[in-house]
Amino acid sequence: MQRQIEQVSKLEAAERQLVEAIRLFFEERDRVAIHTLVSAAHQVLADVGRIHGYGGVMRNPELVKKGKEAEYLQAIKRAENFFKRADRNPNESIEFAPFLTEIFLNEALQIYRVLTGTMVWEFGVYGIWFTMEYPQLVVESPYRSLASA
């Protein structure tokens with residue numbers, strides 16, 4: 001591997017993390033690694049998105065009952081923080097629900113599309129899979145009818 005310096009924007013970093021996460025997802029690779037990549041990309045996209053008027057729903061404290069914002073954010077970021085930090089309770093373990101990764105990934109792709117107006121093919125493939133896997137969660141899509149076939 002060549003030792004070069006790369007200039008990488010926040011959106012490019014998020015895109016690259018999501019592409020790799022999707023590839024790992026469909027290869028049925030390590031769910032912890034996938035969640036870590038998705039969480040990092042989602043956070044970047046939510047932060048950039050908020051600046052541009054759309055940061056998604058998952059990390060939006062304005063959509064949470066007043067006084068419960070910190071509790072909510074702690075709950076949705078529990079696995080994310082657990083997988084990247086060990087400064088408190090280094091011997092602790094966690095019950096991890098990979099479904100949360102799928103939700104974060106789906107929303108990250110939506111935020112990316114809003115911010116850039118583009119998609120890469122891996123994003124489209126995941127979007128189709130998500131729509132077919134969870135048709136009850138998707139409002140409108142040409143792939144909904146395929147889910148019940």
# chains A, B, ... in the order shown; residues from 1 in each chain; ligands from 1
call {"tool": "residues_around", "arguments": {"residues": "Gln17 (chain A)", "least_positions_apart": "3", "cutoff": "8 Å", "atoms": "only C-alpha atoms", "output": "list in words"}}
result
Ala13, Ala14, Glu20, Ala21, Leu37, Val38, Ala40 and Ala41 of chain A
call {"tool": "residues_around", "arguments": {"residues": "Pro61 (chain A)", "least_positions_apart": "2", "cutoff": "12 Å", "atoms": "only C-alpha atoms", "output": "VMD selection string"}}
result
chain A and resid 46 50 55 to 59 63 to 74 76
call {"tool": "closest_residue", "arguments": {"among": "A:Leu109, A:Ala79, A:Tyr134, A:Phe99", "to": "Val19 (chain A)", "atoms": "only C-alpha atoms"}}
result
A:Leu109
call {"tool": "closest_residue", "arguments": {"among": "A:Val114, A:Ile34, A:Val44, A:Met132", "to": "Glu102 (chain A)", "atoms": "only C-alpha atoms"}}
result
A:Ile34
call {"tool": "select_by_dssp", "arguments": {"residues": "chain A", "states": "alpha helix (DSSP H)", "output": "NGL selection string"}}
result
:A and (10-26 or 31-51 or 69-76 or 78-84 or 99-116 or 121-133 or 144-147)
call {"tool": "residues_around", "arguments": {"residues": "Arg31 (chain A)", "least_positions_apart": "6", "cutoff": "10 Å", "atoms": "only C-alpha atoms", "output": "PDB file with C-alpha atoms, in the first residue's frame"}}
result
ATOM      1  CA  ALA A  21     -20.691  -1.031   5.343  1.00  0.00           C
ATOM      2  CA  LEU A  24     -19.914  -5.992   4.498  1.00  0.00           C
ATOM      3  CA  PHE A  25     -23.653  -6.201   5.184  1.00  0.00           C
ATOM      4  CA  LEU A  37     -19.036   2.301  10.095  1.00  0.00           C
ATOM      5  CA  PHE A  96     -26.800  -5.480  20.542  1.00  0.00           C
ATOM      6  CA  ALA A  97     -29.743  -5.400  18.128  1.00  0.00           C
ATOM      7  CA  PRO A  98     -28.415  -5.226  14.536  1.00  0.00           C
ATOM      8  CA  THR A 101     -27.910  -0.649  12.128  1.00  0.00           C
TER       9      THR A 101
END
call {"tool": "residues_around", "arguments": {"residues": "region 115-128 of chain A", "least_positions_apart": "5", "cutoff": "10 Å", "atoms": "only C-alpha atoms", "output": "number ranges by chain"}}
result
A: 11, 15, 18-23, 25-26, 45, 48-49, 52-55, 102, 105-110, 133-134, 141-144, 146-147
call {"tool": "write_last_selection", "arguments": {"atoms": "N, CA and C atoms", "output": "tab-separated table (two decimals), in the first residue's frame"}}
result
chain	number	residue	atom	x	y	z
A	11	LEU	N	-18.31	14.54	3.40
A	11	LEU	CA	-19.28	13.76	2.63
A	11	LEU	C	-18.62	12.58	1.93
A	15	GLU	N	-19.58	8.72	2.51
A	15	GLU	CA	-19.93	7.86	1.37
A	15	GLU	C	-19.08	6.60	1.38
A	18	LEU	N	-20.14	4.23	4.12
A	18	LEU	CA	-21.41	3.57	3.81
A	18	LEU	C	-21.25	2.51	2.74
A	19	VAL	N	-20.47	2.78	1.72
A	19	VAL	CA	-20.23	1.79	0.66
A	19	VAL	C	-19.62	0.53	1.28
A	20	GLU	N	-18.61	0.70	2.11
A	20	GLU	CA	-17.98	-0.46	2.74
A	20	GLU	C	-18.94	-1.17	3.68
A	21	ALA	N	-19.72	-0.42	4.43
A	21	ALA	CA	-20.69	-1.03	5.34
A	21	ALA	C	-21.70	-1.87	4.57
A	22	ILE	N	-22.17	-1.36	3.44
A	22	ILE	CA	-23.15	-2.10	2.63
A	22	ILE	C	-22.52	-3.36	2.07
A	23	ARG	N	-21.31	-3.27	1.60
A	23	ARG	CA	-20.62	-4.47	1.08
A	23	ARG	C	-20.47	-5.51	2.19
A	25	PHE	N	-22.29	-5.76	4.84
A	25	PHE	CA	-23.65	-6.20	5.18
A	25	PHE	C	-24.10	-7.35	4.27
A	26	PHE	N	-23.96	-7.17	2.97
A	26	PHE	CA	-24.41	-8.20	2.04
A	26	PHE	C	-23.49	-9.41	2.01
A	45	LEU	N	-23.20	12.73	8.45
A	45	LEU	CA	-24.28	13.19	7.57
A	45	LEU	C	-25.33	13.98	8.34
A	48	VAL	N	-23.74	17.48	9.05
A	48	VAL	CA	-23.71	18.30	7.83
A	48	VAL	C	-25.13	18.62	7.39
A	49	GLY	N	-26.01	17.65	7.50
A	49	GLY	CA	-27.40	17.84	7.10
A	49	GLY	C	-28.10	18.92	7.90
A	52	HIS	N	-27.54	22.23	6.59
A	52	HIS	CA	-28.25	22.48	5.33
A	52	HIS	C	-29.76	22.28	5.45
A	53	GLY	N	-30.26	22.11	6.65
A	53	GLY	CA	-31.70	22.05	6.86
A	53	GLY	C	-32.33	20.68	6.94
A	54	TYR	N	-31.53	19.60	6.80
A	54	TYR	CA	-32.09	18.25	6.95
A	54	TYR	C	-31.05	17.31	7.53
A	55	GLY	N	-31.19	17.03	8.81
A	55	GLY	CA	-30.27	16.12	9.48
A	55	GLY	C	-30.88	14.78	9.80
A	102	GLU	N	-29.59	-1.34	10.53
A	102	GLU	CA	-30.34	-1.26	9.27
A	102	GLU	C	-31.13	0.04	9.18
A	105	LEU	N	-28.62	2.93	8.72
A	105	LEU	CA	-28.09	2.88	7.36
A	105	LEU	C	-29.10	3.43	6.37
A	106	ASN	N	-30.34	3.02	6.49
A	106	ASN	CA	-31.37	3.52	5.59
A	106	ASN	C	-31.49	5.05	5.69
A	107	GLU	N	-31.51	5.56	6.91
A	107	GLU	CA	-31.62	7.02	7.04
A	107	GLU	C	-30.37	7.74	6.55
A	108	ALA	N	-29.20	7.18	6.79
A	108	ALA	CA	-27.97	7.80	6.30
A	108	ALA	C	-28.01	7.95	4.79
A	109	LEU	N	-28.52	6.94	4.11
A	109	LEU	CA	-28.62	7.01	2.65
A	109	LEU	C	-29.59	8.10	2.21
A	110	GLN	N	-30.67	8.26	2.95
A	110	GLN	CA	-31.63	9.32	2.64
A	110	GLN	C	-31.00	10.70	2.83
A	133	GLU	N	-37.47	-5.85	2.48
A	133	GLU	CA	-37.40	-6.48	3.80
A	133	GLU	C	-38.40	-5.87	4.78
A	134	TYR	N	-38.61	-4.56	4.68
A	134	TYR	CA	-39.46	-3.84	5.62
A	134	TYR	C	-40.49	-2.97	4.88
A	141	SER	N	-42.83	3.26	-2.75
A	141	SER	CA	-41.69	2.80	-3.52
A	141	SER	C	-42.19	1.83	-4.57
A	142	PRO	N	-41.57	1.85	-5.75
A	142	PRO	CA	-41.96	0.88	-6.78
A	142	PRO	C	-41.62	-0.55	-6.38
A	143	TYR	N	-40.77	-0.73	-5.36
A	143	TYR	CA	-40.36	-2.06	-4.95
A	143	TYR	C	-41.28	-2.67	-3.89
A	144	ARG	N	-42.21	-1.90	-3.36
A	144	ARG	CA	-43.12	-2.43	-2.35
A	144	ARG	C	-43.90	-3.63	-2.85
A	146	LEU	N	-43.04	-5.82	-4.97
A	146	LEU	CA	-42.18	-7.00	-5.06
A	146	LEU	C	-42.04	-7.71	-3.71
A	147	ALA	N	-42.16	-6.95	-2.64
A	147	ALA	CA	-42.00	-7.52	-1.30
A	147	ALA	C	-43.08	-8.52	-0.97
call {"tool": "decode", "arguments": {"residues": "region 75-109 of chain A", "atoms": "N, CA and C atoms", "output": "tab-separated table (two decimals), in the first residue's frame"}}
result
chain	number	residue	atom	x	y	z
A	75	ALA	N	-29.67	6.46	24.44
A	75	ALA	CA	-30.21	5.15	24.07
A	75	ALA	C	-29.87	4.78	22.64
A	76	ILE	N	-30.04	5.72	21.69
A	76	ILE	CA	-29.78	5.35	20.30
A	76	ILE	C	-28.28	5.28	19.99
A	77	LYS	N	-27.46	5.92	20.82
A	77	LYS	CA	-26.02	5.90	20.60
A	77	LYS	C	-25.30	4.90	21.51
A	78	ARG	N	-26.06	4.11	22.26
A	78	ARG	CA	-25.44	3.20	23.23
A	78	ARG	C	-24.46	2.23	22.56
A	79	ALA	N	-24.90	1.54	21.53
A	79	ALA	CA	-24.02	0.58	20.85
A	79	ALA	C	-22.87	1.31	20.17
A	80	GLU	N	-23.17	2.40	19.51
A	80	GLU	CA	-22.14	3.19	18.84
A	80	GLU	C	-21.02	3.57	19.81
A	81	ASN	N	-21.39	4.12	20.94
A	81	ASN	CA	-20.40	4.53	21.93
A	81	ASN	C	-19.69	3.33	22.55
A	82	PHE	N	-20.43	2.26	22.79
A	82	PHE	CA	-19.85	1.06	23.38
A	82	PHE	C	-18.75	0.50	22.49
A	83	PHE	N	-18.99	0.48	21.16
A	83	PHE	CA	-18.05	-0.12	20.23
A	83	PHE	C	-16.81	0.73	19.99
A	84	LYS	N	-16.83	1.99	20.40
A	84	LYS	CA	-15.65	2.82	20.13
A	84	LYS	C	-14.97	3.37	21.38
A	85	ARG	N	-15.48	3.09	22.54
A	85	ARG	CA	-14.89	3.63	23.78
A	85	ARG	C	-14.82	2.54	24.85
A	86	ALA	N	-13.78	2.66	25.70
A	86	ALA	CA	-13.66	1.75	26.83
A	86	ALA	C	-13.18	2.49	28.07
A	87	ASP	N	-13.38	3.80	28.09
A	87	ASP	CA	-12.88	4.59	29.22
A	87	ASP	C	-13.68	4.36	30.49
A	88	ARG	N	-14.93	3.96	30.36
A	88	ARG	CA	-15.76	3.62	31.52
A	88	ARG	C	-16.17	2.15	31.41
A	89	ASN	N	-16.10	1.44	32.49
A	89	ASN	CA	-16.52	0.03	32.52
A	89	ASN	C	-15.89	-0.79	31.39
A	90	PRO	N	-14.56	-0.94	31.36
A	90	PRO	CA	-13.91	-1.66	30.27
A	90	PRO	C	-14.27	-3.14	30.18
A	91	ASN	N	-14.84	-3.72	31.23
A	91	ASN	CA	-15.22	-5.14	31.22
A	91	ASN	C	-16.69	-5.36	30.93
A	92	GLU	N	-17.40	-4.31	30.62
A	92	GLU	CA	-18.84	-4.38	30.36
A	92	GLU	C	-19.12	-5.08	29.02
A	93	SER	N	-20.31	-5.63	28.90
A	93	SER	CA	-20.77	-6.18	27.61
A	93	SER	C	-22.10	-5.51	27.29
A	94	ILE	N	-22.59	-5.77	26.11
A	94	ILE	CA	-23.81	-5.11	25.64
A	94	ILE	C	-24.68	-6.10	24.89
A	95	GLU	N	-25.99	-5.93	24.99
A	95	GLU	CA	-26.92	-6.65	24.14
A	95	GLU	C	-27.15	-5.76	22.92
A	96	PHE	N	-26.81	-6.27	21.77
A	96	PHE	CA	-26.80	-5.48	20.54
A	96	PHE	C	-27.86	-5.98	19.57
A	97	ALA	N	-28.69	-5.07	19.10
A	97	ALA	CA	-29.74	-5.40	18.13
A	97	ALA	C	-29.35	-4.86	16.76
A	98	PRO	N	-28.86	-5.69	15.85
A	98	PRO	CA	-28.42	-5.23	14.54
A	98	PRO	C	-29.50	-4.53	13.71
A	99	PHE	N	-30.76	-4.72	14.05
A	99	PHE	CA	-31.84	-4.02	13.35
A	99	PHE	C	-31.62	-2.51	13.38
A	100	LEU	N	-31.09	-2.01	14.49
A	100	LEU	CA	-30.82	-0.58	14.60
A	100	LEU	C	-29.84	-0.13	13.51
A	101	THR	N	-28.86	-0.96	13.19
A	101	THR	CA	-27.91	-0.65	12.13
A	101	THR	C	-28.64	-0.46	10.81
A	102	GLU	N	-29.59	-1.34	10.53
A	102	GLU	CA	-30.34	-1.26	9.27
A	102	GLU	C	-31.13	0.04	9.18
A	103	ILE	N	-31.70	0.47	10.28
A	103	ILE	CA	-32.47	1.72	10.31
A	103	ILE	C	-31.54	2.92	10.12
A	104	PHE	N	-30.42	2.93	10.87
A	104	PHE	CA	-29.45	4.02	10.72
A	104	PHE	C	-28.91	4.08	9.29
A	105	LEU	N	-28.62	2.93	8.72
A	105	LEU	CA	-28.09	2.88	7.36
A	105	LEU	C	-29.10	3.43	6.37
A	106	ASN	N	-30.34	3.02	6.49
A	106	ASN	CA	-31.37	3.52	5.59
A	106	ASN	C	-31.49	5.05	5.69
A	107	GLU	N	-31.51	5.56	6.91
A	107	GLU	CA	-31.62	7.02	7.04
A	107	GLU	C	-30.37	7.74	6.55
A	108	ALA	N	-29.20	7.18	6.79
A	108	ALA	CA	-27.97	7.80	6.30
A	108	ALA	C	-28.01	7.95	4.79
A	109	LEU	N	-28.52	6.94	4.11
A	109	LEU	CA	-28.62	7.01	2.65
A	109	LEU	C	-29.59	8.10	2.21
